[in-house]
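Below is one structure, written out as structure tokens, with a few remarks after it.
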Amino acid sequence: MGDGAIRDAVRDALLEEQALDLCDVRLRDGSAVKPIRESAGNRGDYLEITVADGIVSLDGQVESLSHKRLAGLLAWWVPGTRDVINGIEGEPPQEDTDDEITDVVKAVLEKDHLIESSSICVVTRKAIVSLDGSVPNQRQSGMAEADAWYIFGVDGVINRLKIRA
């Protein structure tokens, strides 16, 4: 996919995500910023998308680290994305914790329709995510590991998922 198609797919993913409904969405092309959605929320939350050479840059302000992480993940899920630079700020600022990372990884695995996540246990220690349990095949094991890596703030992933017989 080219940059325009990646940008449009990221835009669509952010617009479709219910948890981000109160965020304005904008597209940046050089110095021009094009508003796509102005939300009914009064918080001033916004997401700004830029794509160059397959690298998605996300900027803006959201209400929590979970929202920042979710926006970054949605960008990673777009085919053709080579990297995601997540410059979104949380307002008010929050202290990052292992429990926060664990909660987001669990939510992401449940959200990923290509992974059977009911038998996956997630634990985070010092920003290192451990995946334990079982999945039906090696492909799902790899996808679960990739999803964990896509989460902002994760410094490592230990994949101990077993393949069910």
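All residue names refer to the structure tokens as shown: chains lettered A, B, ... in order, residues numbered from 1 in each chain, ligands numbered from 1 in order.
Within the 9 Å cut-off around Pro136 in chain A, using only C-alpha atoms and omitting residues fewer than 4 positions from it on the same chain, the listed residues are Ile115, Glu116, Gln140, Ser141, Lys162, Ile163, Arg164 and Ala165 of chain A.
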Exercise: Val122 in chain A partners within 8 Å, only C-alpha atoms, chain neighbours under 3 positions left out, as a CSV table (one decimal) with C-alpha atoms, in the first residue's frame:
```
chain,number,residue,atom,x,y,z
A,102,THR,CA,-1.2,-6.0,31.0
A,105,VAL,CA,-2.4,-6.3,26.0
A,106,LYS,CA,-5.4,-8.4,27.2
A,129,VAL,CA,5.1,-9.0,28.7
A,130,SER,CA,4.9,-12.7,29.2
A,131,LEU,CA,2.3,-14.7,27.2
A,132,ASP,CA,1.4,-18.1,28.7
```
Fill in: Close residues, range 28-39 of chain A itself excluded, 7 Å, only C-alpha atoms, min 3 positions apart in chain, as a PyMOL selection string
chain A and resi 21-25+48-50
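Shortest atom-to-atom contact with Ala13 in chain A among A:Val84, A:Leu74, A:Ser134, A:Gly90: A:Leu74, counting only C-alpha atoms.
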Item to complete: Go through A:Leu109, A:Leu73, A:Ala52, A:Ala148 and flag the residue nearest Ile128 in chain A, using only C-alpha atoms for the distances.
Response: A:Ala148
Worksheet item: Neighbours of range 75-78 of chain A within 12 Å (only C-alpha atoms; same-chain residues fewer than 2 positions away dropped), as a PyMOL selection string?
Response: chain A and resi 1-3+5-15+17+47-51+54-58+68-73+80-86+108+111-114+143+146-152
Any chance you could export the current selection's C-alpha atoms as a short mmCIF file (atom, residue, chain, number, x, y, z; two decimals), in the first residue's frame?
```cif
data_model
loop_
_atom_site.label_atom_id
_atom_site.label_comp_id
_atom_site.auth_asym_id
_atom_site.auth_seq_id
_atom_site.Cartn_x
_atom_site.Cartn_y
_atom_site.Cartn_z
CA MET A 1 0.00 0.00 0.00
CA GLY A 2 1.15 3.53 -0.69
CA ASP A 3 1.25 6.29 1.90
CA ALA A 5 -3.83 4.27 1.24
CA ILE A 6 -2.10 3.64 4.58
CA ARG A 7 -3.18 7.09 5.83
CA ASP A 8 -6.78 6.45 4.75
CA ALA A 9 -6.81 3.01 6.40
CA VAL A 10 -5.41 4.41 9.67
CA ARG A 11 -7.97 7.22 9.52
CA ASP A 12 -10.79 4.73 9.01
CA ALA A 13 -9.56 2.49 11.84
CA LEU A 14 -9.44 5.43 14.26
CA LEU A 15 -12.86 6.68 13.16
CA GLU A 17 -12.97 2.62 17.08
CA LEU A 47 -5.55 12.54 16.89
CA GLU A 48 -3.42 13.75 14.01
CA ILE A 49 -2.17 11.29 11.38
CA THR A 50 0.87 11.69 9.12
CA VAL A 51 2.31 8.97 6.86
CA GLY A 54 5.08 3.71 5.32
CA ILE A 55 5.89 5.26 8.69
CA VAL A 56 2.78 6.41 10.56
CA SER A 57 3.17 9.33 12.94
CA LEU A 58 0.40 9.85 15.47
CA LYS A 68 -2.76 6.23 23.20
CA ARG A 69 -1.84 2.55 23.06
CA LEU A 70 -5.04 1.61 21.24
CA ALA A 71 -4.50 4.26 18.56
CA GLY A 72 -0.94 3.05 18.02
CA LEU A 73 -2.06 -0.56 17.74
CA GLY A 80 1.95 -1.64 4.70
CA THR A 81 2.75 0.14 7.95
CA ARG A 82 6.53 -0.10 8.48
CA ASP A 83 6.68 1.72 11.82
CA VAL A 84 4.50 3.78 14.14
CA ILE A 85 5.78 6.86 15.92
CA ASN A 86 3.31 7.42 18.71
CA VAL A 108 -5.89 -6.07 22.33
CA LYS A 111 -10.02 -7.35 20.03
CA ASP A 112 -7.92 -9.23 17.47
CA HIS A 113 -10.45 -11.39 15.62
CA LEU A 114 -7.67 -13.59 14.23
CA MET A 143 0.23 -12.86 15.95
CA ALA A 146 3.29 -9.24 17.50
CA ASP A 147 0.22 -7.64 19.07
CA ALA A 148 2.03 -7.41 22.40
CA TRP A 149 5.07 -5.84 20.73
CA TYR A 150 2.84 -3.25 19.02
CA ILE A 151 1.75 -1.82 22.39
CA PHE A 152 3.46 1.44 23.31
#
```
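CA of Thr124 in chain A is found 18.7 Å from CA of Ser64 in chain A.
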